[in-house]
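Written out below as structure tokens is the structure these notes cover.
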Amino acid sequence: MYADFKDRKGEIVHGIVQRFDKGAIIVNLGRTEAELPVKEQIPKESYKQGDRIRAYICEVRQFSKGPQVILSRTHPALLSALFENEVPEIAEGIVSVVQVAREPGSRSKIAVSSRDGDVDPWEPVWA
């Protein structure tokens with residue numbers, strides 16, 4: 001399992017809230033469980049058992065009892081990865097995310113740029 005997840009650091013994963021352990025949320029990712037620690041949770045969000053959750057893999061550790069996958073809902077790279085998944089121009093590399101500033105649960109700011117002079121990174125492109 002460690003070999004499967006060590007290369008997935010920085011990815012967004014989907015899971016199901018399985019149980020709670022001292023404030024941390026244990027998320028079922030299918031083949032393994034991951035931990036969403038209290039410090040990586042958004043303060044205003046609440047979950048219950050069975051809820052679907054989307055989170056960022058911020059760390060994968062190897063322990064004697066197996067791998068431990070640490071998730072985050074507050075990491076600034078989560079926002080960047082979400083934009084890559086949702087905005088085709090970012091996924092294609094036409095527009096790039098320069099910087100992300102985030103106060104999880106309240107506001108976020110994202111700076112973008114374009115390598116193509118004909119593309120305004122702030123102008124929405126509608127198909």
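How things are named: the first chain in the structure tokens is A, the next is B, and so on; residues count from 1 in each chain; ligands count from 1 in the order shown.
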Determine, using only C-alpha atoms, which residues of segment 78-107 of chain A have any atom at most 10 Å from an atom of segment 53-57 of chain A, and tabulate each with its shortest atom pair and distance in Å to one decimal place, rows ordered by chain and then rising number, as a tab-separated table.
```
residue	atom	partner	partner_atom	distance
A:Leu78	CA	A:Tyr56	CA	5.6
A:Leu79	CA	A:Tyr56	CA	9.2
A:Ala81	CA	A:Tyr56	CA	8.4
A:Leu82	CA	A:Tyr56	CA	9.5
```
What's around Ile16 of chain A at 10 Å? Count only C-alpha atoms, leave out sequence neighbours fewer than 6 positions away in its own chain, and write the answer as an MDAnalysis selection string.
chainID A and resid 25:30 33 48:54
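Put simply, atom CA of Val100 of chain A is 23.1 Å away from atom CA of Asp7 of chain A.
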Would you pick out the contacts of segment 88-94 of chain A at 7 Å or less, using only C-alpha atoms, so that residues sharing its chain but fewer than 2 positions from it are not included, and give the list as a ChimeraX atom specification?
/A:84-86,96,114-116
Closest of A:Leu36, A:Gln41, A:Val112, A:Ser64 to Val87 of chain A - atom-to-atom distances counting only C-alpha atoms:
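Going through A:Leu36, A:Gln41, A:Val112, A:Ser64 one by one, the smallest distance to Val87 of chain A is for A:Val112.
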If you run DSSP over the backbone, which residues in segment 10-126 of chain A end up alpha helix (DSSP H)? Put them as a PyMOL selection string.
chain A and resi 76-86+88-91
Could you jot down the atom CA of Val97 of chain A to atom CA of Ser72 of chain A separation for me, Å, one decimal place?
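Atom-to-atom, atom CA of Val97 of chain A to atom CA of Ser72 of chain A, that is 19.6 Å.
Proximity of A:Glu103, A:Asp4, A:Asp21, A:Glu11 to Arg61 of chain A, computed with only C-alpha atoms, is greatest for A:Asp4.
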Members of chain A assigned strand (DSSP E or B) by DSSP, as JSON, numbers by chain
{"A": [12, 13, 14, 15, 16, 17, 18, 19, 20, 21, 24, 25, 26, 27, 28, 33, 34, 35, 36, 52, 53, 54, 55, 56, 57, 58, 59, 60, 61, 62, 63, 66, 67, 68, 69, 70, 71, 72, 95, 96, 97, 98, 99, 100, 101, 102, 103, 107, 108, 109, 110, 111, 112, 113, 114]}
What does the distance from atom CA of Glu40 of chain A to atom CA of Thr74 of chain A come to in Å, to one decimal?
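Computed distance, atom CA of Glu40 of chain A to atom CA of Thr74 of chain A, equals 5.4 Å.
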Which of these, A:Val13, A:Asp120, A:Ala77, A:Ser108, has the shortest distance to Val95 of chain A once you count only C-alpha atoms?
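Smallest distance to Val95 of chain A is found for A:Asp120.
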